[in-house]
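This is entry_12.txt. It holds compact mmCIF, C-alpha atoms (C1' of nucleotides).
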```
# COMPACT_ATOMS: atom_id res chain seq x y z
CA MET Q 1 -72.21 35.97 56.21
CA THR Q 2 -69.78 37.14 53.56
CA SER Q 3 -67.32 34.35 54.21
CA SER Q 4 -66.63 32.27 51.14
CA VAL Q 5 -66.62 29.17 53.30
CA LYS Q 6 -70.18 29.57 54.42
CA HIS Q 7 -71.53 30.39 50.94
CA PRO Q 8 -70.28 27.88 48.43
CA ALA Q 9 -73.66 28.02 46.71
CA ALA Q 10 -72.80 30.89 44.39
CA VAL Q 11 -69.70 29.37 42.82
CA GLN Q 12 -71.33 25.97 42.72
CA GLU Q 13 -74.26 27.32 40.77
CA ALA Q 14 -71.83 29.16 38.50
CA TRP Q 15 -69.98 25.94 37.75
CA SER Q 16 -73.22 24.15 37.07
CA LEU Q 17 -74.21 26.86 34.61
CA VAL Q 18 -70.84 26.55 32.90
CA GLY Q 19 -71.56 22.86 32.47
CA LYS Q 20 -74.90 23.61 30.89
CA LEU Q 21 -73.22 26.08 28.55
CA PHE Q 22 -70.76 23.45 27.46
CA TRP Q 23 -73.36 20.81 26.88
CA GLN Q 24 -75.20 23.13 24.53
CA MET Q 25 -72.10 23.26 22.32
CA ARG Q 26 -71.93 19.49 21.86
CA PRO Q 27 -74.10 19.19 18.75
CA ARG Q 28 -72.13 21.96 17.07
CA MET Q 29 -68.83 20.17 17.74
CA LEU Q 30 -70.14 16.85 16.47
CA GLY Q 31 -71.50 18.66 13.45
CA VAL Q 32 -68.22 20.16 12.32
CA ALA Q 33 -66.43 16.86 12.78
CA GLY Q 34 -68.86 15.19 10.40
CA GLU Q 35 -68.67 18.08 7.98
CA LEU Q 36 -64.89 17.67 7.76
CA GLY Q 37 -65.01 13.88 7.50
CA LEU Q 38 -63.29 13.47 10.86
CA THR Q 39 -64.32 11.63 13.99
CA PRO Q 40 -64.50 13.71 17.17
CA PRO Q 41 -61.32 12.21 18.66
CA GLN Q 42 -59.43 12.90 15.45
CA MET Q 43 -60.72 16.45 15.55
CA PHE Q 44 -59.55 16.96 19.12
CA ALA Q 45 -56.18 15.46 18.27
CA LEU Q 46 -55.66 17.84 15.36
CA ARG Q 47 -56.74 20.70 17.54
CA ALA Q 48 -54.22 19.72 20.21
CA LEU Q 49 -51.36 20.00 17.73
CA ASP Q 50 -49.39 23.14 17.01
CA PRO Q 51 -49.41 24.19 13.35
CA GLU Q 52 -46.34 26.31 13.96
CA GLN Q 53 -43.97 23.65 15.18
CA PRO Q 54 -43.64 19.85 15.34
CA VAL Q 55 -44.95 18.03 18.41
CA PRO Q 56 -43.73 14.63 19.66
CA MET Q 57 -46.40 11.95 19.80
CA ARG Q 58 -45.94 11.34 23.49
CA GLU Q 59 -46.76 14.98 24.17
CA LEU Q 60 -49.96 14.65 22.18
CA ALA Q 61 -50.84 11.61 24.25
CA ALA Q 62 -50.23 13.60 27.41
CA GLN Q 63 -52.41 16.45 26.21
CA LEU Q 64 -55.25 14.08 25.33
CA HIS Q 65 -54.92 12.19 28.64
CA CYS Q 66 -54.77 8.87 26.83
CA ASP Q 67 -52.48 5.97 26.04
CA SER Q 68 -49.72 6.24 23.45
CA SER Q 69 -51.09 3.30 21.51
CA ASN Q 70 -54.32 5.18 21.07
CA VAL Q 71 -52.49 8.13 19.56
CA THR Q 72 -50.92 5.82 16.99
CA GLY Q 73 -54.32 5.04 15.51
CA LEU Q 74 -55.54 8.62 15.71
CA VAL Q 75 -52.46 9.89 13.86
CA ASP Q 76 -52.84 7.10 11.32
CA GLY Q 77 -56.25 8.53 10.48
CA LEU Q 78 -55.05 12.11 10.29
CA GLU Q 79 -52.11 11.09 8.14
CA ALA Q 80 -54.43 9.15 5.80
CA HIS Q 81 -56.40 12.36 5.36
CA GLY Q 82 -53.19 14.22 4.56
CA LEU Q 83 -53.56 16.55 7.54
CA VAL Q 84 -50.38 15.65 9.42
CA GLU Q 85 -47.02 14.07 8.69
CA ARG Q 86 -44.81 11.89 10.83
CA ARG Q 87 -41.25 13.13 10.78
CA SER Q 88 -38.28 11.68 12.63
CA ALA Q 89 -36.55 13.83 15.18
CA GLU Q 90 -32.85 14.36 14.60
CA HIS Q 91 -31.77 14.50 18.22
CA ASP Q 92 -33.54 11.24 19.17
CA ARG Q 93 -34.45 8.75 16.52
CA ARG Q 94 -37.08 7.13 18.73
CA VAL Q 95 -39.45 10.09 18.75
CA ARG Q 96 -41.80 10.90 15.91
CA MET Q 97 -42.54 14.56 15.37
CA LEU Q 98 -46.01 15.47 14.14
CA VAL Q 99 -46.07 18.20 11.52
CA VAL Q 100 -49.35 19.80 10.49
CA THR Q 101 -49.59 20.03 6.70
CA GLU Q 102 -50.93 23.01 4.78
CA ARG Q 103 -54.31 21.34 4.43
CA GLY Q 104 -54.16 20.30 8.06
CA ALA Q 105 -53.73 23.93 9.06
CA GLN Q 106 -56.74 24.90 6.98
CA VAL Q 107 -58.92 22.23 8.55
CA ARG Q 108 -57.65 23.19 11.96
CA ARG Q 109 -58.65 26.80 11.42
CA ARG Q 110 -62.14 25.67 10.45
CA ILE Q 111 -62.34 23.62 13.64
CA ASP Q 112 -61.20 26.54 15.76
CA GLU Q 113 -63.80 28.68 14.07
CA VAL Q 114 -66.54 26.45 15.45
CA VAL Q 115 -65.05 25.36 18.75
CA GLU Q 116 -64.11 28.90 19.73
CA ALA Q 117 -67.37 30.32 18.44
CA VAL Q 118 -68.94 32.05 21.40
CA PRO Q 119 -72.26 30.45 22.34
CA PRO Q 120 -75.30 32.67 21.88
CA ALA Q 121 -75.92 32.80 25.60
CA LEU Q 122 -72.59 34.53 26.18
CA ALA Q 123 -72.79 36.65 23.07
CA SER Q 124 -76.06 38.12 24.28
CA LEU Q 125 -74.41 39.59 27.37
CA SER Q 126 -73.71 43.28 27.60
CA ALA Q 127 -70.21 44.40 26.67
CA GLU Q 128 -69.52 45.20 30.30
CA ASP Q 129 -70.62 41.77 31.49
CA GLN Q 130 -68.44 40.20 28.82
CA ARG Q 131 -65.41 42.10 30.00
CA THR Q 132 -66.10 41.37 33.63
CA LEU Q 133 -66.52 37.69 32.84
CA ARG Q 134 -63.17 37.62 31.08
CA ASP Q 135 -61.46 39.43 33.95
CA ILE Q 136 -62.80 37.03 36.55
CA LEU Q 137 -61.82 33.98 34.54
CA ARG Q 138 -58.39 35.45 33.99
CA ARG Q 139 -57.98 35.81 37.74
CA ALA Q 140 -59.17 32.23 38.22
CA LEU Q 141 -56.83 30.64 35.68
CA GLY Q 142 -53.99 33.13 35.77
CA MET H 1 -64.68 51.74 20.49
CA THR H 2 -66.85 50.50 23.29
CA SER H 3 -69.28 48.81 20.95
CA SER H 4 -69.67 45.12 21.65
CA VAL H 5 -69.53 44.45 17.94
CA LYS H 6 -66.08 45.86 17.51
CA HIS H 7 -64.68 44.11 20.58
CA PRO H 8 -65.54 40.45 20.53
CA ALA H 9 -62.11 39.73 22.00
CA ALA H 10 -63.21 39.84 25.63
CA VAL H 11 -66.04 37.33 25.42
CA GLN H 12 -64.05 35.17 23.04
CA GLU H 13 -61.19 34.97 25.50
CA ALA H 14 -63.67 34.23 28.27
CA TRP H 15 -65.13 31.33 26.31
CA SER H 16 -61.67 30.01 25.60
CA LEU H 17 -60.87 30.12 29.32
CA VAL H 18 -64.09 28.24 30.05
CA GLY H 19 -62.91 25.57 27.66
CA LYS H 20 -59.60 25.30 29.47
CA LEU H 21 -61.44 25.02 32.76
CA PHE H 22 -63.52 22.16 31.44
CA TRP H 23 -60.58 20.33 30.01
CA GLN H 24 -58.92 20.34 33.43
CA MET H 25 -61.89 18.43 34.82
CA ARG H 26 -61.55 15.57 32.34
CA PRO H 27 -59.21 13.34 34.37
CA ARG H 28 -61.42 13.72 37.41
CA MET H 29 -64.50 12.60 35.47
CA LEU H 30 -62.72 9.63 33.96
CA GLY H 31 -61.45 8.78 37.42
CA VAL H 32 -64.84 8.55 39.09
CA ALA H 33 -66.20 6.45 36.24
CA GLY H 34 -63.46 3.89 36.79
CA GLU H 35 -63.93 4.03 40.54
CA LEU H 36 -67.60 3.11 40.13
CA GLY H 37 -66.96 0.42 37.54
CA LEU H 38 -68.75 2.39 34.86
CA THR H 39 -67.62 3.59 31.45
CA PRO H 40 -67.85 7.33 30.82
CA PRO H 41 -70.87 7.04 28.50
CA GLN H 42 -72.71 4.91 31.06
CA MET H 43 -71.90 7.53 33.67
CA PHE H 44 -73.30 10.36 31.56
CA ALA H 45 -76.38 8.30 30.81
CA LEU H 46 -77.10 7.67 34.47
CA ARG H 47 -76.52 11.33 35.18
CA ALA H 48 -79.00 12.31 32.48
CA LEU H 49 -81.75 10.30 34.16
CA ASP H 50 -84.10 11.62 36.81
CA PRO H 51 -84.07 9.62 40.06
CA GLU H 52 -87.42 11.09 40.99
CA GLN H 53 -89.46 9.91 38.03
CA PRO H 54 -89.27 7.46 35.13
CA VAL H 55 -87.87 8.67 31.81
CA PRO H 56 -88.64 7.16 28.40
CA MET H 57 -85.63 5.86 26.52
CA ARG H 58 -86.43 8.14 23.64
CA GLU H 59 -85.93 11.15 25.85
CA LEU H 60 -82.63 9.85 27.15
CA ALA H 61 -81.41 9.47 23.58
CA ALA H 62 -82.45 13.05 22.86
CA GLN H 63 -80.65 14.33 25.92
CA LEU H 64 -77.46 12.50 24.98
CA HIS H 65 -77.70 13.64 21.34
CA CYS H 66 -77.26 10.08 20.12
CA ASP H 67 -79.09 7.29 18.33
CA SER H 68 -81.74 5.20 20.10
CA SER H 69 -79.90 1.98 19.34
CA ASN H 70 -76.93 3.30 21.25
CA VAL H 71 -79.08 3.90 24.30
CA THR H 72 -80.20 0.29 24.25
CA GLY H 73 -76.66 -0.90 24.93
CA LEU H 74 -75.97 1.81 27.48
CA VAL H 75 -79.09 0.90 29.45
CA ASP H 76 -78.23 -2.80 29.15
CA GLY H 77 -75.01 -2.03 31.00
CA LEU H 78 -76.67 0.06 33.67
CA GLU H 79 -79.35 -2.59 34.17
CA ALA H 80 -76.69 -5.29 34.50
CA HIS H 81 -75.15 -3.22 37.29
CA GLY H 82 -78.54 -2.98 38.98
CA LEU H 83 -78.64 0.79 38.69
CA VAL H 84 -81.65 1.12 36.41
CA GLU H 85 -84.78 -0.86 35.64
CA ARG H 86 -86.78 -1.02 32.45
CA ARG H 87 -90.49 -0.68 33.11
CA SER H 88 -93.30 -0.69 30.60
CA ALA H 89 -95.46 2.38 30.33
CA GLU H 90 -99.13 1.80 30.85
CA HIS H 91 -100.42 4.38 28.40
CA ASP H 92 -98.25 3.12 25.52
CA ARG H 93 -96.83 -0.36 25.57
CA ARG H 94 -94.12 0.56 23.09
CA VAL H 95 -92.24 2.90 25.38
CA ARG H 96 -89.88 1.67 28.08
CA MET H 97 -89.61 3.81 31.16
CA LEU H 98 -86.25 3.97 32.90
CA VAL H 99 -86.43 3.86 36.67
CA VAL H 100 -83.36 4.60 38.75
CA THR H 101 -83.00 2.01 41.51
CA GLU H 102 -82.00 2.74 45.08
CA ARG H 103 -78.41 1.80 44.34
CA GLY H 104 -78.57 3.76 41.12
CA ALA H 105 -79.54 6.84 43.06
CA GLN H 106 -76.60 6.34 45.41
CA VAL H 107 -74.14 6.00 42.53
CA ARG H 108 -75.69 8.99 40.84
CA ARG H 109 -75.17 11.11 43.91
CA ARG H 110 -71.53 10.10 43.98
CA ILE H 111 -71.17 11.10 40.34
CA ASP H 112 -72.78 14.47 40.97
CA GLU H 113 -70.42 14.95 43.87
CA VAL H 114 -67.48 14.82 41.48
CA VAL H 115 -68.97 16.36 38.36
CA GLU H 116 -70.38 19.31 40.26
CA ALA H 117 -67.27 19.71 42.38
CA VAL H 118 -66.04 23.22 41.79
CA PRO H 119 -62.63 23.23 40.13
CA PRO H 120 -59.83 24.71 42.25
CA ALA H 121 -59.40 27.61 39.84
CA LEU H 122 -62.94 28.82 40.56
CA ALA H 123 -62.81 27.95 44.24
CA SER H 124 -59.79 30.19 44.66
CA LEU H 125 -61.75 33.26 43.59
CA SER H 126 -62.86 35.83 46.12
CA ALA H 127 -66.41 35.49 47.40
CA GLU H 128 -67.37 38.61 45.51
CA ASP H 129 -65.96 37.33 42.22
CA GLN H 130 -67.80 34.07 42.74
CA ARG H 131 -71.09 35.87 43.22
CA THR H 132 -70.49 38.14 40.25
CA LEU H 133 -69.63 35.15 38.10
CA ARG H 134 -72.86 33.44 39.07
CA ASP H 135 -74.91 36.56 38.38
CA ILE H 136 -73.43 37.05 34.92
CA LEU H 137 -73.97 33.41 33.99
CA ARG H 138 -77.52 33.61 35.28
CA ARG H 139 -78.12 36.56 32.99
CA ALA H 140 -76.58 34.65 30.10
CA LEU H 141 -78.60 31.47 30.55
CA GLY H 142 -81.68 32.86 32.22
C1' DC Y 1 -113.30 -3.74 11.14
C1' DG Y 2 -108.84 -3.54 8.52
C1' DC Y 3 -105.42 -1.18 6.34
C1' DG Y 4 -101.48 2.04 5.98
C1' DG Y 5 -98.41 5.24 8.13
C1' DC Y 6 -95.98 6.38 12.07
C1' DT Y 7 -93.26 5.71 16.44
C1' DA Y 8 -90.36 3.15 20.35
C1' DG Y 9 -87.14 0.09 20.86
C1' DT Y 10 -84.12 -3.89 19.53
C1' DT Y 11 -80.86 -6.37 16.60
C1' DG Y 12 -76.83 -6.96 13.58
C1' DA Y 13 -73.05 -5.23 10.70
C1' DG Y 14 -69.15 -2.32 10.43
C1' DG Y 15 -65.88 1.12 11.72
C1' DT Y 16 -63.65 3.73 15.65
C1' DT Y 17 -62.13 4.41 20.32
C1' DG Y 18 -59.60 3.16 24.26
C1' DT Y 19 -56.73 0.14 27.44
C1' DC Y 20 -53.45 -3.35 28.38
C1' DA Y 21 -49.52 -6.35 27.53
C1' DA Y 22 -45.84 -7.49 24.61
C1' DC Y 23 -42.46 -6.00 21.58
C1' DC Y 24 -38.62 -3.37 18.92
C1' DA Y 25 -35.45 0.32 18.47
C1' DT Y 26 -33.02 3.66 20.68
C1' DC Y 27 -30.98 6.49 24.26
C1' DG Y 28 -28.24 7.24 28.50
C1' DA Y 29 -25.47 5.80 32.31
C1' DC Y 30 -22.17 2.91 34.11
C1' DG V 1 -20.61 -3.04 25.74
C1' DT V 2 -24.42 -3.99 28.79
C1' DC V 3 -28.44 -2.63 31.44
C1' DG V 4 -32.40 -0.14 32.43
C1' DA V 5 -35.55 3.20 30.84
C1' DT V 6 -38.20 5.45 27.07
C1' DG V 7 -40.97 6.36 22.43
C1' DG V 8 -43.77 4.12 19.46
C1' DT V 9 -46.10 0.20 17.27
C1' DT V 10 -48.78 -4.04 17.23
C1' DG V 11 -52.43 -7.34 18.63
C1' DA V 12 -56.19 -8.70 21.55
C1' DC V 13 -60.29 -7.40 23.49
C1' DA V 14 -64.28 -4.60 25.32
C1' DA V 15 -67.02 -0.80 24.52
C1' DC V 16 -69.06 2.99 21.74
C1' DC V 17 -71.70 4.80 17.91
C1' DT V 18 -74.23 5.01 13.58
C1' DC V 19 -76.87 3.02 10.02
C1' DA V 20 -80.28 -0.11 8.04
C1' DA V 21 -83.61 -3.55 8.92
C1' DC V 22 -86.95 -5.38 11.87
C1' DT V 23 -90.84 -6.13 15.45
C1' DA V 24 -94.48 -4.39 18.12
C1' DG V 25 -97.75 -1.25 19.05
C1' DC V 26 -100.29 3.25 18.33
C1' DC V 27 -103.50 5.94 15.51
C1' DG V 28 -106.45 7.77 11.79
C1' DC V 29 -109.30 6.97 7.80
C1' DG V 30 -112.28 4.63 4.81
```

I'd like the structure from this file rewritten - as structure tokens, please.
Amino acid sequence: MTSSVKHPAAVQEAWSLVGKLFWQMRPRMLGVAGELGLTPPQMFALRALDPEQPVPMRELAAQLHCDSSNVTGLVDGLEAHGLVERRSAEHDRRVRMLVVTERGAQVRRRIDEVVEAVPPALASLSAEDQRTLRDILRRALG
Amino acid sequence: MTSSVKHPAAVQEAWSLVGKLFWQMRPRMLGVAGELGLTPPQMFALRALDPEQPVPMRELAAQLHCDSSNVTGLVDGLEAHGLVERRSAEHDRRVRMLVVTERGAQVRRRIDEVVEAVPPALASLSAEDQRTLRDILRRALG
DNA sequence: CGCGGCTAGTTGAGGTTGTCAACCATCGAC
DNA sequence: GTCGATGGTTGACAACCTCAACTAGCCGCG
């Protein structure tokens, strides 16, 4: 009876609840994109970059699971907003390194503020539940 | 020190891990959409419908957090695929009820199969962790 | 009854996303 | 140097999404 094979219901329900949790965050994400004058894909692209060090465009494409040609347009938009800069790499003149500007870093922090904001449902948990939740997820993704 | 106010780190990390978990599912979702000949928005729209009973378009728009005019096109696509039917409501001739066809129900089940498939990271947890996870999430969303 | 306000859904314009194929410049190996 | 592979851009095309304008139908009020 305690076999994990015979009782997939628990984890399945858990995953379904996680989905519900995520869906509740959607309006908030769309909201901050509009507030910052960005489209959601542009927002995700900026968020996928590293403000600390330059990232090649092809790596951004990989992280977004999309075509390189798509990234070209996305970066065009971000560059027009003055949030990122294209810089040539010295070791390989084909690759374009993406550098987050000062203003880009600011905007990115604002995005993180909202995206990483803990949903009320989780925030309402007891401190012990919160810690347990973190520990289990750490074990899952570790 | 044990106050939940002074230690938001645990739940924040948990939420961040949840985000990572979700991001890992993205390719799988895009994959099933392509397999079924649907675009991702069409897939989500079909999933938001109820195969058991008709749903007004207005409610679908609300559930998708998008404009009504957008839903028109989405439903056009689903109807062209024979997955949904527009039916007039008897009590109010303005509203269009969306009925999931037999084939629509089949496709929907296939979508659920993939969307609700538990990610490997969660499946690898011990049976006890899985149950605990479900219980905590139930408390959060209950 | 008829009028005015409201609601459900559609249409059209306009900008953005996303993929594919073709292309250019560059690198690396031979 | 030449050849194949790679990073990025461009153009074509389909789809998404929002907004404003519109039609059709509901409802209340005089």

Can I get the residues of chain Q within 8 Å of chain V, each with the closest pair of atoms and their distance in Å to one decimal, using all atoms listed in the file, sorted chain first then ascending number, as a tab-separated table?
```
residue	atom	partner	partner_atom	distance
Q:Arg58	CA	V:DG7	C1'	7.1
Q:Ser68	CA	V:DG8	C1'	7.5
Q:Ser69	CA	V:DT9	C1'	7.2
Q:Thr72	CA	V:DT9	C1'	7.4
Q:Arg94	CA	V:DG7	C1'	5.4
Q:Val95	CA	V:DG7	C1'	5.5
Q:Arg96	CA	V:DG8	C1'	7.9
```

Using all atoms listed in the file, what does the table of chain Y residues within 12 Å of chain Q look like, with each row giving the shortest atom pair and its distance in Å to one decimal, sorted by chain and ascending number, as JSON lines?
```
{"residue": "Y:DG15", "atom": "C1'", "partner": "Q:Thr39", "partner_atom": "CA", "distance": 10.9}
{"residue": "Y:DT16", "atom": "C1'", "partner": "Q:Thr39", "partner_atom": "CA", "distance": 8.1}
{"residue": "Y:DT17", "atom": "C1'", "partner": "Q:Asn70", "partner_atom": "CA", "distance": 7.9}
{"residue": "Y:DG18", "atom": "C1'", "partner": "Q:Asn70", "partner_atom": "CA", "distance": 6.5}
{"residue": "Y:DT19", "atom": "C1'", "partner": "Q:Asp67", "partner_atom": "CA", "distance": 7.3}
{"residue": "Y:DC20", "atom": "C1'", "partner": "Q:Asp67", "partner_atom": "CA", "distance": 9.7}
{"residue": "Y:DA21", "atom": "C1'", "partner": "Q:Ser69", "partner_atom": "CA", "distance": 11.5}
{"residue": "Y:DC24", "atom": "C1'", "partner": "Q:Arg94", "partner_atom": "CA", "distance": 10.6}
{"residue": "Y:DA25", "atom": "C1'", "partner": "Q:Arg94", "partner_atom": "CA", "distance": 7.0}
{"residue": "Y:DT26", "atom": "C1'", "partner": "Q:Arg94", "partner_atom": "CA", "distance": 5.7}
{"residue": "Y:DC27", "atom": "C1'", "partner": "Q:Asp92", "partner_atom": "CA", "distance": 7.4}
{"residue": "Y:DG28", "atom": "C1'", "partner": "Q:Asp92", "partner_atom": "CA", "distance": 11.5}
```

Mind running chain H against chain Q at 9 Å and telling me each contacting residue's nearest atom pair with the distance in Å (one decimal), counting all atoms listed in the file, chain and number ascending, as JSON lines?
```
{"residue": "H:Thr2", "atom": "CA", "partner": "Q:Ala127", "partner_atom": "CA", "distance": 7.7}
{"residue": "H:Ser3", "atom": "CA", "partner": "Q:Ala127", "partner_atom": "CA", "distance": 7.3}
{"residue": "H:Ser4", "atom": "CA", "partner": "Q:Ala127", "partner_atom": "CA", "distance": 5.1}
{"residue": "H:Val5", "atom": "CA", "partner": "Q:Ala127", "partner_atom": "CA", "distance": 8.8}
{"residue": "H:His7", "atom": "CA", "partner": "Q:Ala127", "partner_atom": "CA", "distance": 8.2}
{"residue": "H:Pro8", "atom": "CA", "partner": "Q:Ala123", "partner_atom": "CA", "distance": 8.6}
{"residue": "H:Ala9", "atom": "CA", "partner": "Q:Arg131", "partner_atom": "CA", "distance": 9.0}
{"residue": "H:Ala10", "atom": "CA", "partner": "Q:Arg131", "partner_atom": "CA", "distance": 5.4}
{"residue": "H:Val11", "atom": "CA", "partner": "Q:Gln130", "partner_atom": "CA", "distance": 5.1}
{"residue": "H:Gln12", "atom": "CA", "partner": "Q:Val118", "partner_atom": "CA", "distance": 6.0}
{"residue": "H:Glu13", "atom": "CA", "partner": "Q:Arg134", "partner_atom": "CA", "distance": 6.5}
{"residue": "H:Ala14", "atom": "CA", "partner": "Q:Arg134", "partner_atom": "CA", "distance": 4.4}
{"residue": "H:Trp15", "atom": "CA", "partner": "Q:Val118", "partner_atom": "CA", "distance": 6.3}
{"residue": "H:Ser16", "atom": "CA", "partner": "Q:Glu116", "partner_atom": "CA", "distance": 6.5}
{"residue": "H:Leu17", "atom": "CA", "partner": "Q:Leu137", "partner_atom": "CA", "distance": 6.6}
{"residue": "H:Val18", "atom": "CA", "partner": "Q:Val18", "partner_atom": "CA", "distance": 7.5}
{"residue": "H:Gly19", "atom": "CA", "partner": "Q:Phe22", "partner_atom": "CA", "distance": 8.1}
{"residue": "H:Lys20", "atom": "CA", "partner": "Q:Leu141", "partner_atom": "CA", "distance": 8.6}
{"residue": "H:Leu21", "atom": "CA", "partner": "Q:Leu141", "partner_atom": "CA", "distance": 7.8}
{"residue": "H:Phe22", "atom": "CA", "partner": "Q:Gly19", "partner_atom": "CA", "distance": 8.1}
{"residue": "H:Arg26", "atom": "CA", "partner": "Q:His65", "partner_atom": "CA", "distance": 8.3}
{"residue": "H:Pro27", "atom": "CA", "partner": "Q:His65", "partner_atom": "CA", "distance": 7.2}
{"residue": "H:His65", "atom": "CA", "partner": "Q:Pro27", "partner_atom": "CA", "distance": 7.1}
{"residue": "H:Val115", "atom": "CA", "partner": "Q:Ser16", "partner_atom": "CA", "distance": 9.0}
{"residue": "H:Glu116", "atom": "CA", "partner": "Q:Ser16", "partner_atom": "CA", "distance": 6.5}
{"residue": "H:Ala117", "atom": "CA", "partner": "Q:Gln12", "partner_atom": "CA", "distance": 7.5}
{"residue": "H:Val118", "atom": "CA", "partner": "Q:Gln12", "partner_atom": "CA", "distance": 6.0}
{"residue": "H:Pro119", "atom": "CA", "partner": "Q:Trp15", "partner_atom": "CA", "distance": 8.2}
{"residue": "H:Pro120", "atom": "CA", "partner": "Q:Ala140", "partner_atom": "CA", "distance": 8.6}
{"residue": "H:Ala121", "atom": "CA", "partner": "Q:Ala140", "partner_atom": "CA", "distance": 4.9}
{"residue": "H:Leu122", "atom": "CA", "partner": "Q:Ala140", "partner_atom": "CA", "distance": 5.6}
{"residue": "H:Ala123", "atom": "CA", "partner": "Q:Val11", "partner_atom": "CA", "distance": 7.2}
{"residue": "H:Ser124", "atom": "CA", "partner": "Q:Ala140", "partner_atom": "CA", "distance": 6.8}
{"residue": "H:Leu125", "atom": "CA", "partner": "Q:Ala140", "partner_atom": "CA", "distance": 6.0}
{"residue": "H:Ser126", "atom": "CA", "partner": "Q:Ser4", "partner_atom": "CA", "distance": 7.2}
{"residue": "H:Ala127", "atom": "CA", "partner": "Q:Ser4", "partner_atom": "CA", "distance": 4.9}
{"residue": "H:Glu128", "atom": "CA", "partner": "Q:Ser4", "partner_atom": "CA", "distance": 8.5}
{"residue": "H:Asp129", "atom": "CA", "partner": "Q:Ile136", "partner_atom": "CA", "distance": 6.5}
{"residue": "H:Gln130", "atom": "CA", "partner": "Q:Val11", "partner_atom": "CA", "distance": 5.1}
{"residue": "H:Arg131", "atom": "CA", "partner": "Q:Ala10", "partner_atom": "CA", "distance": 5.4}
{"residue": "H:Thr132", "atom": "CA", "partner": "Q:Leu133", "partner_atom": "CA", "distance": 8.4}
{"residue": "H:Leu133", "atom": "CA", "partner": "Q:Ala14", "partner_atom": "CA", "distance": 6.4}
{"residue": "H:Arg134", "atom": "CA", "partner": "Q:Ala14", "partner_atom": "CA", "distance": 4.4}
{"residue": "H:Asp135", "atom": "CA", "partner": "Q:Ala14", "partner_atom": "CA", "distance": 8.0}
{"residue": "H:Ile136", "atom": "CA", "partner": "Q:Asp129", "partner_atom": "CA", "distance": 6.5}
{"residue": "H:Leu137", "atom": "CA", "partner": "Q:Ala14", "partner_atom": "CA", "distance": 6.6}
{"residue": "H:Arg138", "atom": "CA", "partner": "Q:Leu17", "partner_atom": "CA", "distance": 7.5}
{"residue": "H:Arg139", "atom": "CA", "partner": "Q:Leu125", "partner_atom": "CA", "distance": 7.4}
{"residue": "H:Ala140", "atom": "CA", "partner": "Q:Ala121", "partner_atom": "CA", "distance": 4.9}
{"residue": "H:Leu141", "atom": "CA", "partner": "Q:Ala121", "partner_atom": "CA", "distance": 5.8}
{"residue": "H:Gly142", "atom": "CA", "partner": "Q:Ala121", "partner_atom": "CA", "distance": 8.8}
```

- Message: So the first atom is CA of Leu38 in chain Q and the second is CA of Arg86 in chain Q; what is the distance between them in Å, to one decimal place?
- Response: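 That distance, rounded to one decimal, is 18.5 Å.
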
- What is the CA of Glu113 in chain H to CA of Gly37 in chain H distance in Å?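 Going from CA of Glu113 in chain H over to CA of Gly37 in chain H, I get 16.2 Å.
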
- Message: I'd like the interatomic distance between CA of Ile111 in chain Q and CA of Pro40 in chain H, to a tenth of an Å.
- Response: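 It comes out at 24.3 Å.
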